[in-house]
$ cat model_17.txt   # compact mmCIF, C-alpha atoms (C1' of nucleotides)
# COMPACT_ATOMS: atom_id res chain seq x y z
CA MET A 1 7.97 46.35 27.28
CA GLY A 2 7.80 44.62 30.61
CA LEU A 3 9.60 41.57 31.84
CA LYS A 4 7.51 38.71 30.54
CA PHE A 5 10.10 35.98 30.58
CA THR A 6 11.88 34.47 33.54
CA ILE A 7 14.88 32.21 33.12
CA VAL A 8 14.80 29.44 35.69
CA ALA A 9 17.93 27.44 34.94
CA LYS A 10 20.76 27.27 32.45
CA ASP A 11 22.58 24.20 31.23
CA LYS A 12 26.29 24.24 31.86
CA SER A 13 27.45 22.46 28.75
CA THR A 14 25.04 23.84 26.15
CA ARG A 15 23.08 27.04 25.65
CA ALA A 16 19.87 25.34 26.75
CA ARG A 17 17.81 26.92 29.47
CA THR A 18 14.46 26.52 31.15
CA GLY A 19 12.15 29.40 31.78
CA ILE A 20 8.68 30.72 32.30
CA LEU A 21 6.83 32.81 29.77
CA HIS A 22 4.25 35.05 31.40
CA THR A 23 1.12 35.78 29.37
CA PRO A 24 -2.28 37.28 30.14
CA HIS A 25 -3.72 33.77 30.04
CA GLY A 26 -1.18 32.12 32.23
CA ASP A 27 2.40 31.00 32.44
CA VAL A 28 4.10 28.71 29.97
CA GLU A 29 7.06 26.57 30.91
CA THR A 30 9.85 26.66 28.37
CA PRO A 31 11.21 25.04 26.33
CA ILE A 32 7.75 24.66 24.87
CA PHE A 33 6.27 23.07 21.78
CA MET A 34 3.14 24.84 20.53
CA PRO A 35 0.66 22.72 18.57
CA VAL A 36 -0.65 24.51 15.50
CA GLY A 37 -4.35 25.34 15.40
CA THR A 38 -4.41 27.40 12.23
CA ALA A 39 -8.12 28.09 12.01
CA GLY A 40 -8.83 28.09 15.71
CA ALA A 41 -8.62 24.34 16.22
CA VAL A 42 -5.77 21.88 16.42
CA LYS A 43 -6.78 19.50 13.68
CA ALA A 44 -8.17 16.15 14.81
CA MET A 45 -7.62 16.93 18.49
CA THR A 46 -10.00 17.96 21.22
CA GLN A 47 -8.98 20.59 23.72
CA ALA A 48 -9.18 17.96 26.45
CA GLN A 49 -6.65 15.87 24.55
CA LEU A 50 -4.40 18.89 24.12
CA GLU A 51 -4.47 19.51 27.84
CA GLU A 52 -3.86 15.83 28.50
CA VAL A 53 -0.69 15.80 26.41
CA GLY A 54 0.55 18.93 28.13
CA ALA A 55 -0.07 21.60 25.52
CA GLN A 56 0.24 24.86 27.43
CA ILE A 57 -0.11 27.21 24.49
CA ILE A 58 -1.37 26.82 20.96
CA LEU A 59 -0.81 28.75 17.78
CA ALA A 60 -3.51 30.22 15.56
CA ASN A 61 -3.20 32.02 12.27
CA THR A 62 -4.13 35.60 11.48
CA TYR A 63 -4.56 35.11 7.74
CA HIS A 64 -6.91 32.18 8.15
CA LEU A 65 -8.98 33.66 10.96
CA TYR A 66 -9.20 36.98 9.12
CA MET A 67 -10.64 35.11 6.11
CA ARG A 68 -12.94 32.98 8.23
CA PRO A 69 -14.77 33.91 10.38
CA GLY A 70 -13.15 37.38 10.32
CA HIS A 71 -11.26 39.14 13.10
CA GLU A 72 -14.17 41.49 13.73
CA MET A 73 -16.51 38.61 14.30
CA VAL A 74 -14.09 36.99 16.73
CA ARG A 75 -13.80 40.31 18.56
CA GLU A 76 -17.59 40.43 18.91
CA PHE A 77 -17.31 37.15 20.76
CA GLY A 78 -14.82 38.68 23.16
CA GLY A 79 -11.72 37.36 21.45
CA LEU A 80 -10.42 34.05 20.27
CA HIS A 81 -10.02 32.53 23.74
CA ARG A 82 -13.68 33.02 24.46
CA PHE A 83 -14.76 32.16 20.91
CA MET A 84 -13.06 28.77 20.97
CA ASN A 85 -13.29 28.43 24.74
CA TRP A 86 -9.56 27.88 25.17
CA PRO A 87 -8.50 29.43 28.48
CA HIS A 88 -4.77 28.97 27.96
CA PRO A 89 -2.34 31.15 26.04
CA ILE A 90 -2.54 31.62 22.29
CA LEU A 91 0.15 32.82 19.93
CA THR A 92 -1.01 34.10 16.58
CA ASP A 93 1.12 33.93 13.48
CA SER A 94 0.96 36.99 11.30
CA GLY A 95 0.37 35.66 7.79
CA GLY A 96 4.04 36.01 6.93
CA PHE A 97 4.24 32.28 6.26
CA GLN A 98 1.31 32.60 3.85
CA VAL A 99 3.41 35.01 1.79
CA MET A 100 5.40 31.91 0.91
CA SER A 101 2.84 29.11 1.10
CA LEU A 102 0.26 31.06 -0.91
CA LYS A 103 2.88 32.56 -3.19
CA GLY A 104 0.66 32.38 -6.23
CA LEU A 105 -1.96 34.43 -4.40
CA ALA A 106 0.30 36.88 -2.58
CA LYS A 107 1.99 39.99 -3.94
CA VAL A 108 4.47 41.73 -1.70
CA THR A 109 4.97 45.49 -1.90
CA ASP A 110 6.93 47.80 0.32
CA ASP A 111 3.77 48.73 2.13
CA GLY A 112 2.33 45.26 2.72
CA VAL A 113 0.99 42.11 1.11
CA HIS A 114 -1.85 41.88 -1.38
CA PHE A 115 -3.53 38.52 -0.84
CA ARG A 116 -6.10 36.97 -3.10
CA SER A 117 -8.19 34.76 -0.86
CA HIS A 118 -7.52 31.06 -1.36
CA LEU A 119 -11.25 30.59 -0.72
CA ASP A 120 -12.92 32.92 -3.19
CA GLY A 121 -10.19 34.90 -4.91
CA SER A 122 -11.22 38.18 -3.32
CA SER A 123 -8.52 40.80 -2.70
CA HIS A 124 -7.21 41.71 0.74
CA PHE A 125 -4.38 44.00 1.71
CA PHE A 126 -2.32 43.15 4.79
CA THR A 127 -0.08 45.87 6.17
CA PRO A 128 2.11 45.52 9.26
CA GLU A 129 -0.28 47.84 11.09
CA ARG A 130 -3.45 46.03 10.06
CA VAL A 131 -1.95 42.67 10.96
CA ILE A 132 -1.27 43.94 14.51
CA GLU A 133 -4.81 45.24 14.63
CA PHE A 134 -6.19 41.89 13.50
CA GLN A 135 -4.27 40.10 16.23
CA LEU A 136 -5.31 42.60 18.90
CA SER A 137 -8.88 41.97 17.79
CA LEU A 138 -8.32 38.25 18.17
CA GLY A 139 -7.06 38.89 21.69
CA SER A 140 -3.80 37.04 21.09
CA ASP A 141 -1.34 36.65 23.95
CA ILE A 142 1.68 36.67 21.71
CA ILE A 143 1.51 38.69 18.52
CA MET A 144 3.80 38.13 15.56
CA PRO A 145 4.58 41.00 13.20
CA LEU A 146 4.07 40.66 9.46
CA ASP A 147 7.27 39.37 7.89
CA GLU A 148 8.31 37.93 4.59
CA CYS A 149 9.10 34.24 4.66
CA VAL A 150 11.20 33.34 1.64
CA GLU A 151 11.53 30.01 -0.11
CA TYR A 152 14.70 27.95 -0.17
CA PRO A 153 16.87 28.32 -2.08
CA ALA A 154 16.88 32.10 -2.52
CA SER A 155 19.45 34.44 -3.98
CA HIS A 156 21.45 36.79 -1.79
CA GLU A 157 19.59 39.72 -3.32
CA THR A 158 16.21 38.21 -2.53
CA LEU A 159 17.21 37.43 1.03
CA LYS A 160 18.69 40.87 1.52
CA ARG A 161 15.51 42.52 0.27
CA SER A 162 13.42 40.32 2.55
CA VAL A 163 15.59 41.07 5.58
CA ARG A 164 15.33 44.81 4.98
CA LEU A 165 11.61 44.67 4.35
CA THR A 166 10.98 42.51 7.41
CA GLY A 167 13.06 44.96 9.45
CA ARG A 168 11.06 47.97 8.29
CA TRP A 169 7.82 46.13 8.90
CA ALA A 170 9.03 45.16 12.39
CA ASP A 171 9.59 48.81 13.20
CA ARG A 172 6.15 49.80 11.91
CA SER A 173 4.60 46.90 13.82
CA LYS A 174 6.25 47.92 17.04
CA ARG A 175 5.15 51.54 16.72
CA PHE A 176 1.59 50.60 15.93
CA PHE A 177 1.50 48.06 18.73
CA ALA A 178 2.87 50.57 21.25
CA ALA A 179 0.25 53.11 20.26
CA ASN A 180 -2.78 50.82 20.15
CA ALA A 181 -2.33 47.74 22.30
CA SER A 182 -3.48 49.15 25.58
CA ALA A 183 -6.58 50.70 24.04
CA PHE A 184 -7.59 47.34 22.61
CA GLN A 185 -6.88 45.46 25.78
CA SER A 186 -8.72 47.80 28.11
CA ARG A 187 -11.90 47.52 26.10
CA SER A 188 -14.58 46.11 28.31
CA GLY A 189 -16.29 42.82 27.61
CA GLU A 190 -13.28 41.25 25.99
CA ASP A 191 -11.33 38.35 27.35
CA SER A 192 -7.86 39.80 27.59
CA GLY A 193 -6.84 37.65 30.49
CA LYS A 194 -4.87 39.65 33.02
CA PRO A 195 -4.85 43.09 31.38
CA GLU A 196 -2.03 44.31 33.62
CA LEU A 197 0.26 41.88 31.82
CA GLY A 198 -0.78 42.74 28.28
CA ALA A 199 -0.09 40.97 25.02
CA SER A 200 3.46 40.46 23.86
CA LEU A 201 4.92 41.43 20.52
CA PHE A 202 7.79 39.40 19.11
CA GLY A 203 10.28 40.35 16.42
CA ILE A 204 11.17 38.03 13.56
CA VAL A 205 14.62 37.43 12.12
CA GLN A 206 14.93 36.51 8.45
CA GLY A 207 17.87 35.93 6.11
CA GLY A 208 17.56 32.38 4.86
CA THR A 209 20.81 30.47 5.15
CA ASP A 210 22.98 33.54 4.65
CA THR A 211 24.78 33.97 7.97
CA ASP A 212 25.82 37.56 7.27
CA LEU A 213 22.24 38.57 6.58
CA ARG A 214 21.05 36.56 9.56
CA ARG A 215 23.44 38.41 11.81
CA GLU A 216 22.35 41.75 10.36
CA SER A 217 18.70 40.86 10.82
CA ALA A 218 19.17 39.51 14.34
CA MET A 219 21.06 42.61 15.46
CA GLU A 220 18.51 44.93 13.91
CA ILE A 221 15.56 43.17 15.52
CA ALA A 222 17.36 42.87 18.86
CA GLU A 223 18.20 46.55 18.74
CA MET A 224 14.56 47.48 18.26
CA GLY A 225 13.64 45.50 21.35
CA PHE A 226 10.72 43.10 21.53
CA ASP A 227 9.13 40.87 24.14
CA GLY A 228 10.56 37.86 22.35
CA TYR A 229 12.57 36.97 19.27
CA ALA A 230 11.60 34.59 16.53
CA ILE A 231 13.71 32.95 13.86
CA GLY A 232 11.65 32.66 10.72
CA GLY A 233 12.39 31.41 7.22
CA LEU A 234 13.90 28.09 8.29
CA SER A 235 12.68 24.53 7.82
CA VAL A 236 11.64 25.53 4.31
CA GLY A 237 13.70 22.87 2.56
CA GLU A 238 17.28 23.71 3.51
CA PRO A 239 19.60 20.86 4.59
CA LYS A 240 19.46 19.87 8.23
CA ASP A 241 22.96 21.04 9.04
CA GLU A 242 22.05 24.49 7.75
CA LEU A 243 18.92 24.56 9.89
CA TYR A 244 21.02 23.77 12.95
CA SER A 245 23.95 26.03 12.15
CA VAL A 246 21.81 29.04 11.24
CA THR A 247 19.71 28.56 14.36
CA GLU A 248 22.79 28.38 16.53
CA CYS A 249 24.28 31.42 14.84
CA VAL A 250 21.15 33.57 15.17
CA ALA A 251 20.47 32.54 18.76
CA GLU A 252 23.82 33.97 19.76
CA TYR A 253 22.84 37.40 18.53
CA LEU A 254 19.48 37.43 20.25
CA PRO A 255 19.10 38.89 23.74
CA GLU A 256 19.80 36.40 26.49
CA ASP A 257 16.89 37.58 28.62
CA GLY A 258 14.18 37.24 25.97
CA PRO A 259 12.42 34.09 24.80
CA ARG A 260 13.68 32.71 21.51
CA TYR A 261 11.18 31.14 19.15
CA LEU A 262 12.19 28.98 16.21
CA MET A 263 9.22 29.13 13.86
CA GLY A 264 7.95 26.04 12.09
CA VAL A 265 10.31 23.52 13.69
CA GLY A 266 10.21 20.59 13.87
CA THR A 267 10.98 16.94 14.25
CA PRO A 268 11.74 15.50 17.68
CA GLU A 269 15.43 15.59 16.88
CA ASP A 270 15.20 19.19 15.66
CA LEU A 271 13.68 20.23 18.98
CA VAL A 272 16.41 18.63 21.06
CA ARG A 273 19.18 19.99 18.86
CA CYS A 274 17.80 23.52 18.85
CA VAL A 275 17.00 23.64 22.56
CA ALA A 276 20.72 23.05 23.00
CA SER A 277 21.31 26.16 20.89
CA GLY A 278 19.21 28.25 23.24
CA ILE A 279 15.76 28.06 21.63
CA ASP A 280 12.80 28.27 24.01
CA MET A 281 9.74 27.97 21.78
CA PHE A 282 8.74 25.90 18.78
CA ASP A 283 5.70 25.27 16.67
CA CYS A 284 5.19 22.82 13.86
CA VAL A 285 2.33 21.22 11.99
CA MET A 286 4.32 18.05 11.67
CA PRO A 287 3.02 16.03 14.64
CA THR A 288 -0.63 16.68 13.88
CA ARG A 289 -0.31 16.52 10.11
CA ASN A 290 1.83 13.41 10.10
CA ALA A 291 -0.44 11.74 12.60
CA ARG A 292 -3.45 12.44 10.40
CA ASN A 293 -1.52 10.94 7.51
CA GLY A 294 -0.50 7.80 9.36
CA CYS A 295 3.08 8.67 10.25
CA VAL A 296 4.11 8.42 13.88
CA PHE A 297 7.26 9.51 15.69
CA THR A 298 8.46 6.79 18.03
CA SER A 299 11.54 6.31 20.15
CA ALA A 300 12.77 4.04 17.36
CA GLY A 301 12.15 6.56 14.59
CA LYS A 302 9.33 7.23 12.16
CA LEU A 303 6.70 4.55 11.73
CA THR A 304 4.12 4.40 8.94
CA ILE A 305 1.20 2.77 10.66
CA LYS A 306 -0.68 2.40 7.36
CA SER A 307 1.77 -0.25 6.25
CA ALA A 308 0.49 -3.77 5.69
CA ARG A 309 3.23 -5.16 7.89
CA TYR A 310 1.33 -3.95 10.97
CA ALA A 311 -1.98 -5.53 9.99
CA ARG A 312 -1.55 -8.30 12.57
CA ASP A 313 0.80 -6.56 14.97
CA PRO A 314 -0.62 -6.74 18.51
CA GLY A 315 2.08 -4.51 20.00
CA PRO A 316 1.87 -0.82 20.85
CA LEU A 317 3.08 1.96 18.53
CA ASP A 318 6.06 2.49 20.81
CA ALA A 319 6.94 -0.03 23.49
CA ALA A 320 8.93 2.63 25.31
CA CYS A 321 6.01 5.07 25.44
CA GLY A 322 3.41 5.33 28.17
CA CYS A 323 0.96 7.66 26.45
CA PRO A 324 -2.76 6.78 26.39
CA VAL A 325 -2.61 5.59 22.78
CA CYS A 326 0.39 3.35 23.33
CA ARG A 327 -1.13 2.02 26.54
CA ARG A 328 -4.50 1.23 25.04
CA TYR A 329 -4.21 0.29 21.38
CA SER A 330 -2.41 -2.21 19.21
CA ARG A 331 -0.70 -1.33 15.97
CA ALA A 332 -3.17 -3.62 14.22
CA TYR A 333 -6.13 -1.64 15.53
CA LEU A 334 -4.58 1.72 14.73
CA ARG A 335 -3.77 0.53 11.23
CA HIS A 336 -7.34 -0.66 10.89
CA LEU A 337 -8.60 2.80 11.83
CA PHE A 338 -6.58 4.27 8.97
CA SER A 339 -7.84 1.62 6.55
CA VAL A 340 -11.44 2.46 7.28
CA GLY A 341 -10.89 6.20 7.46
CA GLU A 342 -11.68 6.64 11.12
CA ILE A 343 -9.78 9.56 12.55
CA SER A 344 -11.34 10.13 15.94
CA ALA A 345 -11.42 6.80 17.76
CA ALA A 346 -7.86 6.97 19.05
C1' G B 1 -43.07 -17.54 -23.73
C1' G B 2 -42.11 -12.31 -25.68
C1' A B 3 -39.69 -7.16 -25.90
C1' C B 4 -35.85 -4.31 -24.77
C1' A B 5 -31.10 -3.34 -22.07
C1' G B 6 -26.59 -5.36 -20.76
C1' G B 7 -22.15 -8.84 -19.67
C1' U B 8 -14.76 -4.88 -19.80
C1' G B 9 -8.85 -5.90 -15.39
C1' G B 10 -10.28 -7.26 -7.25
C1' C B 11 -14.92 -3.83 -7.56
C1' C B 12 -17.49 0.30 -10.13
C1' G B 13 -17.16 2.19 -14.89
C1' A B 14 -15.35 4.61 -19.99
C1' G B 15 -14.26 2.73 -24.52
C1' U B 16 -18.00 0.95 -31.23
C1' G B 17 -12.10 -1.55 -36.31
C1' G B 18 -5.55 -0.10 -35.54
C1' C B 19 -2.85 5.57 -31.41
C1' U B 20 -5.72 -0.25 -26.13
C1' A B 21 -2.43 -4.02 -21.29
C1' A B 22 -7.51 -0.93 -22.13
C1' A B 23 -9.62 6.40 -19.52
C1' G B 24 -11.46 7.61 -14.71
C1' G B 25 -12.87 6.28 -9.74
C1' C B 26 -12.56 2.88 -5.57
C1' A B 27 -9.89 -0.82 -3.09
C1' G B 28 -4.73 -2.53 -2.53
C1' C B 29 0.75 -1.53 -2.04
C1' A B 30 4.94 1.86 -1.11
C1' G B 31 6.53 6.63 0.16
C1' G B 32 6.48 11.91 1.42
C1' C B 33 4.83 15.63 4.83
C1' U B 34 8.77 21.20 9.39
C1' G B 35 5.23 29.53 11.36
C1' U B 36 -1.35 23.95 7.56
C1' A B 37 -5.04 26.13 0.48
C1' A B 38 -2.90 19.14 3.65
C1' A B 39 -7.99 13.39 7.25
C1' C B 40 -3.44 15.73 1.92
C1' C B 41 -0.03 14.70 -2.01
C1' U B 42 3.20 11.43 -5.10
C1' G B 43 4.46 6.72 -7.26
C1' C B 44 3.09 1.53 -8.32
C1' C B 45 -1.06 -1.35 -9.42
C1' G B 46 -2.45 -8.59 -15.54
C1' C B 47 1.71 -12.47 -15.61
C1' U B 48 6.82 -13.78 -16.83
C1' C B 49 11.76 -12.62 -18.39
C1' C B 50 15.99 -9.64 -19.05
C1' U B 51 21.02 -6.09 -20.97
C1' U B 52 15.16 -2.26 -16.41
C1' G B 53 13.95 -0.10 -21.83
C1' C B 54 8.83 5.13 -23.88
C1' G B 55 12.32 -3.48 -23.70
C1' A B 56 10.63 -8.68 -25.01
C1' G B 57 7.12 -12.52 -24.63
C1' C B 58 2.52 -14.36 -22.87
C1' U B 59 -2.56 -13.96 -21.28
C1' A B 60 -7.01 -10.63 -21.26
C1' C B 61 -12.83 -7.29 -22.42
C1' G B 62 -19.15 -13.91 -20.75
C1' G B 63 -18.17 -18.77 -24.17
C1' G B 64 -17.59 -20.99 -29.20
C1' G B 65 -17.17 -19.98 -34.32
C1' G B 66 -16.45 -16.31 -38.18
C1' U B 67 -15.19 -11.52 -41.15
C1' U B 68 -10.54 -8.62 -41.48
C1' C B 69 -3.71 -7.35 -42.69
C1' G B 70 -5.74 -6.07 -37.70
C1' A B 71 -11.49 -7.20 -33.16
C1' A B 72 -13.19 -5.24 -26.38
C1' U B 73 -15.23 -2.93 -30.74
C1' C B 74 -18.40 -6.06 -36.84
C1' C B 75 -21.33 -11.01 -37.94
C1' U B 76 -23.23 -15.62 -35.88
C1' C B 77 -24.72 -19.35 -32.34
C1' C B 78 -24.77 -20.30 -27.19
C1' C B 79 -24.67 -19.04 -21.83
C1' C B 80 -25.85 -15.56 -18.10
C1' U B 81 -27.99 -10.87 -15.73
C1' G B 82 -31.58 -6.79 -15.28
C1' U B 83 -36.22 -4.24 -16.49
C1' C B 84 -40.89 -4.57 -18.62
C1' C B 85 -45.01 -7.44 -21.08
C1' A B 86 -47.76 -12.14 -20.84
$ encode --input "model_17.txt" --output "structure tokens"
Amino acid sequence: MGLKFTIVAKDKSTRARTGILHTPHGDVETPIFMPVGTAGAVKAMTQAQLEEVGAQIILANTYHLYMRPGHEMVREFGGLHRFMNWPHPILTDSGGFQVMSLKGLAKVTDDGVHFRSHLDGSSHFFTPERVIEFQLSLGSDIIMPLDECVEYPASHETLKRSVRLTGRWADRSKRFFAANASAFQSRSGEDSGKPELGASLFGIVQGGTDTDLRRESAMEIAEMGFDGYAIGGLSVGEPKDELYSVTECVAEYLPEDGPRYLMGVGTPEDLVRCVASGIDMFDCVMPTRNARNGCVFTSAGKLTIKSARYARDPGPLDAACGCPVCRRYSRAYLRHLFSVGEISAA
RNA sequence: GGACAGGUGGCCGAGUGGCUAAAGGCAGCAGGCUGUAAACCUGCCGCUCCUUGCGAGCUACGGGGGUUCGAAUCCUCCCCUGUCCA
């Protein structure tokens, strides 16, 4: 796999670094936060707003797009970029998180995951190979292999099984990707960006909060060699100090010259803490979900704008913030929008 | 003037003798959201008091009176609202 990540600068006192991630649809400056657009849209945001706030890459979800509208249909449109008319990079998650979040509908076997659709109950079998194929069909810039995300807390045996399974699936994913990626990307009529660059495939480390298993998983995935390295299975309910310590521990075992992606994280503080541990990429539903639910991150901490105490507050959400919302609107108005159920005005 | 139907907690609306301070919804209040089954979910939501308990007392189903051990529920008179007929 080619060099798709350039390190620009390294911090002297921490493991933080800045870099550039090269993708078929353009470069991404790291550290980067990727807004989550599960079904091909970042909820309650327009693409213009995403660009305005500096989103350089967004995340979409294989499971959800496979269910609706279907990866084949997206491919007919020339890929997800063209389908949703998003010219910037897209990372697609594999469905590994849905193994956990849809646990009542997912059955894991050695060969793959049997999903019963959360929409109509129909049966679907996801294998590591098919999941790569789905993502190649979507035209993703960064492809995530199928993994098994495990709930917290989990027993050592469960975590061990999940690490081994995720490792075997990573190997199968890499082989299938190596054999099929170029064929998919050279197909005419599809928006594959700069085909000479090609899509990236990342590896995912599992192991819960068990540092021995984390080390084993990190070394195994690093040994296989991927375009980037993700830490999965965190921010699933473990204490904060474990999130930070496991992240720090795993990052040390991941190749220095590859991008490191901490999946599903996190709060503003999480981002700062984990950048210092050498993480380059993050994604999280928290900013968009919390915003939809009336919870805002400010320089002074979380603020629940729905609260009655802001009903007559003429001040901005965050006096220290210069964003369009803080420049334009009062807390009273924003609270009013929540009271009346308006989501789009601001 | 007559015939029906109906008046329940901020609103809508269940409830026809005790398990009812009264289902459910809305509104209100508080909180939670970390690779999105999430514009979602949870809790509180008559008043007062305390030793905060499946606690005590008070007030409450249009108004008055009555039946009953016990009434939002049954009887009676009155007031009001809606629909229809004159």
$ closest_residue --input "model_17.txt" --among "A:Ala320, A:Ile7, A:Ala199, A:Met45" --to "chain B" --atoms "all atoms listed in the file"
A:Met45
$ interface_residues --input "model_17.txt" --of "chain A" --to "chain B" --cutoff "6 Å" --atoms "all atoms listed in the file" --output "list in words"
Phe97, His118, Ser235, Met263, Gly264, Val265, Gly266, Cys284, Met286 and Arg292 of chain A
$ atom_distance --input "model_17.txt" --atom1 "atom CA of A:Glu151" --atom2 "atom CA of A:Gln98"
11.3 Å
$ residues_around --input "model_17.txt" --residues "stretch 203-205 of chain A" --least-positions-apart "2" --cutoff "6 Å" --atoms "all atoms listed in the file" --output "PyMOL selection string"
chain A and resi 217-218+226+229-232
$ atom_distance --input "model_17.txt" --atom1 "atom CA of A:Pro89" --atom2 "atom CA of A:Val236"
26.4 Å
$ closest_residue --input "model_17.txt" --among "B:C4, B:C12, B:A56, B:G18" --to "B:G70" --atoms "all atoms listed in the file"
B:G18
$ residues_around --input "model_17.txt" --residues "A:Ala300" --least-positions-apart "2" --cutoff "12 Å" --atoms "all atoms listed in the file" --output "count of residues only"
12
$ atom_distance --input "model_17.txt" --atom1 "atom CA of A:Gly96" --atom2 "atom CA of A:Ala179"
22.0 Å
$ closest_residue --input "model_17.txt" --among "A:Ala48, A:Leu138, A:Ile58, A:Ala106" --to "A:Glu72" --atoms "all atoms listed in the file"
A:Leu138
$ closest_residue --input "model_17.txt" --among "A:Asn180, A:Leu165, A:Glu148, A:Asp110" --to "A:Ile132" --atoms "all atoms listed in the file"
A:Asn180
$ residues_around --input "model_17.txt" --residues "B:U81" --least-positions-apart "5" --cutoff "12 Å" --atoms "all atoms listed in the file" --output "VMD selection string"
chain B and resid 5 to 7 62
$ residues_around --input "model_17.txt" --residues "stretch 52-56 of chain A" --least-positions-apart "3" --cutoff "8 Å" --atoms "all atoms listed in the file" --output "list in words"
Val28, Glu29, Ile32, Phe33, Met34, Pro35, Ala48, Gln49, His88 and Pro89 of chain A
$ write_last_selection --input "model_17.txt" --atoms "C-alpha atoms" --output "mmCIF file, in the frame of the given file"
data_model
loop_
_atom_site.group_PDB
_atom_site.id
_atom_site.type_symbol
_atom_site.label_atom_id
_atom_site.label_comp_id
_atom_site.auth_asym_id
_atom_site.auth_seq_id
_atom_site.Cartn_x
_atom_site.Cartn_y
_atom_site.Cartn_z
ATOM 1 C CA VAL A 28 4.100 28.710 29.970
ATOM 2 C CA GLU A 29 7.060 26.570 30.910
ATOM 3 C CA ILE A 32 7.750 24.660 24.870
ATOM 4 C CA PHE A 33 6.270 23.070 21.780
ATOM 5 C CA MET A 34 3.140 24.840 20.530
ATOM 6 C CA PRO A 35 0.660 22.720 18.570
ATOM 7 C CA ALA A 48 -9.180 17.960 26.450
ATOM 8 C CA GLN A 49 -6.650 15.870 24.550
ATOM 9 C CA HIS A 88 -4.770 28.970 27.960
ATOM 10 C CA PRO A 89 -2.340 31.150 26.040
#
$ residues_near_point --input "model_17.txt" --point "(-12.5, -2.6, -38.8)" --cutoff "8 Å" --atoms "all atoms listed in the file" --output "list in words"
G17, U68, G70, A71 and C74 of chain B
$ residues_around --input "model_17.txt" --residues "A:Gly104" --least-positions-apart "5" --cutoff "10 Å" --atoms "all atoms listed in the file" --output "ChimeraX atom specification"
/A:99,115-116,118
$ residues_near_point --input "model_17.txt" --point "(-6.5, -4.9, -12.0)" --cutoff "12 Å" --atoms "all atoms listed in the file" --output "MDAnalysis selection string"
chainID B and resid 8:11 21:22 26:28 45:47 60
$ closest_residue --input "model_17.txt" --among "A:Cys274, A:Ser173, A:Met67, A:Val163" --to "A:Gly121" --atoms "only C-alpha atoms"
A:Met67
